[in-house]
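Take a look at the structure set out below.
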Amino acid sequence: MPKNEPAAAQHAPLAADPRRWKALVFIALAQLMVVLDATIVNIALPSAQHDLGISDGNRQWVITAYALAFGGLLLFGGRIADLWGRKNAFIVGLIGFAAASALGGAATGEAMLLGARALQGAFGALLAPAALSLLAVMFTDAKERAKAFGIYGAIAGGGGAVGLILGGFLTEYLDWRWTFFVNIPFAIVAAIGAYMVIREPEGARNRAPLDIPGVVLSTLGLVSLVYGFTRAESDGWTDPVTLGLFVGSAVLLAAFVFVESKVRSPLLPLRVARDRNRGGVYLSLGLAVIAMFGLFLFLTYYLQVVKGFSPVKTGFAFLPMIAGMITGSTQIGARLMTRVAPRLLMGPGFLLAATGMLILTQIEVGSSYAALILPAQLLLGLGMGTAFMPAMSLATLGVNPADAGVASAMVNTSQQVGGAIGTALLNTIAASATTEYLVSHAAQAQGGKQAVQALQAQAMVHGYSSAIWWAVGILLVSATIAFTFINTGRPGSGGAVASGDGKAADAELTVPVIAH
């Protein structure tokens, strides 16, 4: 055993928990709740803004407060799960998330709503790594693990689109407050179920003292990074405060890496991130999420603003993507994961998603939903579902049991940072392209009000198309990383490549992460 590997790595295979499939139901329910919350509030935001008198300048904080708390505290949340025990962290996260949701639904003013969103993010940062690491410790057989992570991957990939449908229904037919209250029954059922059926394997906790300098540096560094991208979207990339946040984030995260290399019990053991396969997963997944979040944003605006769809109809328009993700994750990914190497699922999956994006670059004001948007969404969903499923599994496969929580947190962190980058970067590209189109086609606006409206719609769609071309390129980079970085063999093949943890990267675990 390598000298940098804790003694906990020497472990004997454990008998499978007979209640693991029941536990999966409640873990999946909790994950769905967290992923839903990334998009469900977006649909309700205009109504909430009007009711509570939130200014246009401050409305983004309803989204940003959640993103900062969630993104900044994920590593800390993962480490707490390793320290307290994942079941305990999972239940506390659920109860806290439900309480924060009740507070948000009952909000009487701007400050109360923003505080509730920040609390949701904080408890979500405890809940998400605990959910993923519970799967990692409970499902150790390669075939069972493939099925379990297929279900988890489908929820992680498609839950955001489900949030758009549910958010549209609740806002249109009930009240925006129900986009918060709906979390409470989810959380109560999942918490009671988890208490009854989840049994965490013995010896999987990491009882080393908490790395306080690491907690402070990682939290501040990640908050600065996420806020930097959020601010870039509204104030521009050259804004002094934006630049200061990026510089500050780079310094804080560099200091974090230095501290982690020196302390005895680091928050993020560098062996977790240095492993070639896990590093490839974190990087390729983060990039893919950049493309996904940008697309959610553009398609929502295109369907509602350009096509005039209602919130509910817009939500249903995303159903082909959800169907594709579920099929890719549970039927393609789960069935092939035990037969082929992960890179042969992830690489082609990202390429298929890039093909779907490529079709969407042809979008025009009068484009047919059935002829263009629907097939593009199906390809995108199939590709992402196929790639997400092995990525989620590989991110925690072969990791030291005591590090399972923080390894899971890294998956969520890469997705959260990717979502923040995607929203800011692609929105900025679209806005610039729209402005250039308006300037270069100004002569077309001379024909009265209808001509101006037509030009504005054409400019918006041109901006979306320009940004989607960038998303195609980003997905091609994701595919390249998956093909080149990830070199482990198929689970149980015996042809494993040594991982950075000092053992076969595809060895079965015995006891050991979308929002914007």
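Letters A, B, ... go to the chains of the structure tokens in the order shown; residues in each chain start at 1; ligands are counted from 1 in the same order.
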
Quick one: residues within 12 Å of Leu210 of chain A, only C-alpha atoms counted, chain neighbours fewer than 2 positions away excluded, as a PyMOL selection string? chain A and resi 75-84+206-208+212-216+260+263-268

Atom CA of Tyr301 of chain A to atom CA of Leu319 of chain A: how many Å, to one decimal? 16.3 Å

Pick from A:Arg177, A:Arg231, A:Lys22, A:Arg86, whichever lies nearest to Thr423 of chain A using only C-alpha atoms: A:Arg231

Using only C-alpha atoms, the best pick from A:Ala128, A:Ala187, A:Ala136, A:Leu299 as closest to Gly96 of chain A would be A:Ala187

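Distances to Leu164 of chain A were evaluated for A:Ala430, A:Ile27, A:Leu283, A:Ile322 using only C-alpha atoms, and the minimum falls at A:Ile322.
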
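The nearest approach to Thr300 of chain A among the residues A:Ala433, A:Ile43, A:Ile151, A:Ala28, with only C-alpha atoms taken into account, belongs to A:Ile43.
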
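The residue that comes closest to Ala131 of chain A, out of A:Val411, A:Val251, A:Leu360, A:Leu336 and on the basis of only C-alpha atoms, is A:Val411.
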
Top pick for closest residue to Gly124 of chain A, considering A:Thr171, A:Asn183, A:Thr108, A:Thr327 and counting only C-alpha atoms: A:Asn183

For the contact check between segment 181-277 of chain A and segment 48-69 of chain A, emit one row per residue of segment 181-277 of chain A within 12 Å, containing the shortest atom pair and the distance in Å rounded to one decimal, counting only C-alpha atoms, chain then rising number order, as CSV.
residue,atom,partner,partner_atom,distance
A:Thr219,CA,A:Ala69,CA,8.8
A:Leu220,CA,A:Leu68,CA,9.8
A:Gly221,CA,A:Leu68,CA,10.7
A:Leu222,CA,A:Leu68,CA,8.0
A:Val223,CA,A:Leu68,CA,5.3
A:Ser224,CA,A:Leu68,CA,8.4
A:Leu225,CA,A:Leu68,CA,9.1
A:Val226,CA,A:Leu68,CA,6.3
A:Tyr227,CA,A:Leu68,CA,6.7
A:Gly228,CA,A:Leu68,CA,10.3
A:Phe229,CA,A:Thr64,CA,10.4
A:Thr230,CA,A:Thr64,CA,7.2
A:Arg231,CA,A:Thr64,CA,9.5
A:Glu233,CA,A:Gln60,CA,10.4
A:Ser234,CA,A:Gln60,CA,9.2
A:Asp235,CA,A:Gly57,CA,10.9

Pull all heavy atoms from the residues just selected and write them as a compact mmCIF listing (two decimals), in the first residue's frame.
# COMPACT_ATOMS: atom_id res chain seq x y z
N THR A 219 -13.70 27.48 0.54
CA THR A 219 -15.01 28.14 0.50
C THR A 219 -14.90 29.53 -0.11
O THR A 219 -15.66 29.89 -1.02
CB THR A 219 -15.61 28.23 1.92
OG1 THR A 219 -15.74 26.90 2.45
CG2 THR A 219 -16.97 28.89 1.90
N LEU A 220 -13.94 30.32 0.36
CA LEU A 220 -13.76 31.68 -0.17
C LEU A 220 -13.35 31.65 -1.64
O LEU A 220 -13.82 32.45 -2.45
CB LEU A 220 -12.72 32.44 0.65
CG LEU A 220 -13.13 32.82 2.09
CD1 LEU A 220 -11.96 33.50 2.82
CD2 LEU A 220 -14.34 33.74 2.08
N GLY A 221 -12.47 30.70 -2.00
CA GLY A 221 -12.01 30.60 -3.38
C GLY A 221 -13.13 30.23 -4.34
O GLY A 221 -13.28 30.84 -5.40
N LEU A 222 -13.96 29.26 -3.95
CA LEU A 222 -15.07 28.83 -4.81
C LEU A 222 -16.17 29.89 -4.89
O LEU A 222 -16.76 30.12 -5.95
CB LEU A 222 -15.63 27.49 -4.33
CG LEU A 222 -14.75 26.27 -4.58
CD1 LEU A 222 -15.29 25.06 -3.85
CD2 LEU A 222 -14.62 25.98 -6.07
N VAL A 223 -16.46 30.54 -3.76
CA VAL A 223 -17.46 31.62 -3.75
C VAL A 223 -17.00 32.75 -4.68
O VAL A 223 -17.79 33.27 -5.48
CB VAL A 223 -17.70 32.14 -2.32
CG1 VAL A 223 -18.42 33.49 -2.34
CG2 VAL A 223 -18.53 31.14 -1.52
N SER A 224 -15.72 33.12 -4.61
CA SER A 224 -15.18 34.18 -5.48
C SER A 224 -15.28 33.78 -6.95
O SER A 224 -15.63 34.60 -7.81
CB SER A 224 -13.71 34.46 -5.14
OG SER A 224 -13.58 34.95 -3.84
N LEU A 225 -14.99 32.51 -7.24
CA LEU A 225 -15.04 32.05 -8.63
C LEU A 225 -16.47 32.07 -9.17
O LEU A 225 -16.72 32.62 -10.25
CB LEU A 225 -14.47 30.62 -8.70
CG LEU A 225 -14.35 30.00 -10.10
CD1 LEU A 225 -13.37 30.80 -10.95
CD2 LEU A 225 -13.91 28.54 -10.01
N VAL A 226 -17.41 31.50 -8.42
CA VAL A 226 -18.81 31.45 -8.87
C VAL A 226 -19.38 32.86 -8.99
O VAL A 226 -20.05 33.20 -9.97
CB VAL A 226 -19.66 30.58 -7.91
CG1 VAL A 226 -21.14 30.67 -8.27
CG2 VAL A 226 -19.21 29.12 -7.95
N TYR A 227 -19.10 33.72 -8.00
CA TYR A 227 -19.62 35.08 -8.04
C TYR A 227 -18.97 35.88 -9.18
O TYR A 227 -19.62 36.73 -9.82
CB TYR A 227 -19.41 35.78 -6.70
CG TYR A 227 -20.04 37.17 -6.65
CD1 TYR A 227 -21.29 37.40 -7.22
CD2 TYR A 227 -19.40 38.23 -6.02
CE1 TYR A 227 -21.88 38.66 -7.18
CE2 TYR A 227 -19.97 39.49 -5.98
CZ TYR A 227 -21.21 39.71 -6.57
OH TYR A 227 -21.79 40.95 -6.54
N GLY A 228 -17.70 35.59 -9.46
CA GLY A 228 -17.01 36.27 -10.56
C GLY A 228 -17.73 36.02 -11.89
O GLY A 228 -17.98 36.95 -12.66
N PHE A 229 -18.08 34.76 -12.14
CA PHE A 229 -18.80 34.44 -13.38
C PHE A 229 -20.21 35.01 -13.38
O PHE A 229 -20.70 35.47 -14.41
CB PHE A 229 -18.84 32.92 -13.59
CG PHE A 229 -17.55 32.37 -14.14
CD1 PHE A 229 -16.72 31.60 -13.36
CD2 PHE A 229 -17.16 32.66 -15.44
CE1 PHE A 229 -15.53 31.10 -13.85
CE2 PHE A 229 -15.97 32.16 -15.96
CZ PHE A 229 -15.15 31.39 -15.16
N THR A 230 -20.86 35.00 -12.22
CA THR A 230 -22.21 35.57 -12.13
C THR A 230 -22.17 37.07 -12.41
O THR A 230 -23.02 37.61 -13.14
CB THR A 230 -22.79 35.31 -10.73
OG1 THR A 230 -22.78 33.91 -10.47
CG2 THR A 230 -24.22 35.81 -10.63
N ARG A 231 -21.17 37.75 -11.84
CA ARG A 231 -21.05 39.19 -12.03
C ARG A 231 -20.64 39.54 -13.48
O ARG A 231 -21.09 40.54 -14.03
CB ARG A 231 -20.03 39.76 -11.05
CG ARG A 231 -20.03 41.27 -11.01
CD ARG A 231 -19.04 41.84 -10.02
NE ARG A 231 -18.94 43.27 -10.19
CZ ARG A 231 -19.69 44.17 -9.59
NH1 ARG A 231 -20.64 43.76 -8.75
NH2 ARG A 231 -19.54 45.46 -9.80
N GLU A 233 -21.60 38.16 -16.09
CA GLU A 233 -22.80 38.12 -16.93
C GLU A 233 -23.53 39.45 -16.93
O GLU A 233 -24.05 39.89 -17.96
CB GLU A 233 -23.72 37.01 -16.41
CG GLU A 233 -24.92 36.75 -17.28
CD GLU A 233 -25.84 35.70 -16.67
OE1 GLU A 233 -25.50 35.11 -15.63
OE2 GLU A 233 -26.92 35.50 -17.24
N SER A 234 -23.55 40.11 -15.76
CA SER A 234 -24.32 41.36 -15.65
C SER A 234 -23.47 42.62 -15.83
O SER A 234 -23.95 43.62 -16.35
CB SER A 234 -25.04 41.41 -14.29
OG SER A 234 -24.11 41.28 -13.23
N ASP A 235 -22.20 42.57 -15.39
CA ASP A 235 -21.36 43.79 -15.39
C ASP A 235 -20.22 43.76 -16.41
O ASP A 235 -19.51 44.75 -16.55
CB ASP A 235 -20.76 44.00 -14.00
CG ASP A 235 -21.83 44.33 -12.97
OD1 ASP A 235 -22.58 43.43 -12.58
OD2 ASP A 235 -21.91 45.50 -12.57

Just to confirm, what's the straight-line distance from atom CA of Gln31 of chain A to atom CA of Val182 of chain A in Å (one decimal)? 14.2 Å

One-decimal distance in Å that lies between atom CA of Gly153 of chain A and atom CA of Ala273 of chain A: 20.8 Å

If we count only C-alpha atoms, what is near Lys143 of chain A at a cut-off of 10 Å, once residues fewer than 2 positions away on the same chain are taken out, given as an mmCIF file with N, CA and C atoms, in the first residue's frame?
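File produced: selection.cif:
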data_model
loop_
_atom_site.group_PDB
_atom_site.id
_atom_site.type_symbol
_atom_site.label_atom_id
_atom_site.label_comp_id
_atom_site.auth_asym_id
_atom_site.auth_seq_id
_atom_site.Cartn_x
_atom_site.Cartn_y
_atom_site.Cartn_z
ATOM 1 N N PHE A 139 -23.367 0.178 -3.153
ATOM 2 C CA PHE A 139 -23.396 -0.665 -4.352
ATOM 3 C C PHE A 139 -21.970 -0.980 -4.789
ATOM 4 N N THR A 140 -21.542 -2.204 -4.521
ATOM 5 C CA THR A 140 -20.150 -2.586 -4.775
ATOM 6 C C THR A 140 -20.013 -3.578 -5.924
ATOM 7 N N ASP A 141 -21.077 -4.335 -6.232
ATOM 8 C CA ASP A 141 -21.043 -5.253 -7.363
ATOM 9 C C ASP A 141 -21.113 -4.444 -8.663
ATOM 10 N N ARG A 145 -23.941 -1.792 -9.487
ATOM 11 C CA ARG A 145 -23.469 -0.410 -9.467
ATOM 12 C C ARG A 145 -23.872 0.301 -10.757
ATOM 13 N N ALA A 146 -23.776 -0.416 -11.880
ATOM 14 C CA ALA A 146 -24.152 0.168 -13.170
ATOM 15 C C ALA A 146 -25.623 0.558 -13.182
ATOM 16 N N LYS A 147 -26.504 -0.312 -12.670
ATOM 17 C CA LYS A 147 -27.936 0.000 -12.625
ATOM 18 C C LYS A 147 -28.220 1.187 -11.709
ATOM 19 N N ALA A 148 -27.603 1.160 -10.514
ATOM 20 C CA ALA A 148 -27.854 2.221 -9.531
ATOM 21 C C ALA A 148 -27.398 3.574 -10.054
ATOM 22 N N ALA A 334 -26.083 1.991 -18.517
ATOM 23 C CA ALA A 334 -26.124 0.938 -17.494
ATOM 24 C C ALA A 334 -25.887 -0.443 -18.085
ATOM 25 N N ARG A 335 -26.393 -0.698 -19.301
ATOM 26 C CA ARG A 335 -26.230 -2.016 -19.912
ATOM 27 C C ARG A 335 -24.811 -2.250 -20.421
ATOM 28 N N LEU A 336 -24.159 -1.187 -20.892
ATOM 29 C CA LEU A 336 -22.829 -1.354 -21.489
ATOM 30 C C LEU A 336 -21.682 -1.112 -20.516
ATOM 31 N N MET A 337 -21.987 -0.515 -19.349
ATOM 32 C CA MET A 337 -20.897 -0.124 -18.453
ATOM 33 C C MET A 337 -20.048 -1.303 -17.986
ATOM 34 N N THR A 338 -20.658 -2.474 -17.819
ATOM 35 C CA THR A 338 -19.887 -3.637 -17.369
ATOM 36 C C THR A 338 -19.233 -4.376 -18.539
ATOM 37 N N ARG A 339 -19.467 -3.903 -19.762
ATOM 38 C CA ARG A 339 -18.937 -4.597 -20.943
ATOM 39 C C ARG A 339 -17.838 -3.825 -21.661
ATOM 40 N N PRO A 491 -15.186 -2.446 -15.721
ATOM 41 C CA PRO A 491 -15.201 -3.016 -14.378
ATOM 42 C C PRO A 491 -15.093 -4.541 -14.406
ATOM 43 N N GLY A 492 -14.170 -5.031 -13.588
ATOM 44 C CA GLY A 492 -14.014 -6.477 -13.455
ATOM 45 C C GLY A 492 -13.266 -7.123 -14.599
#
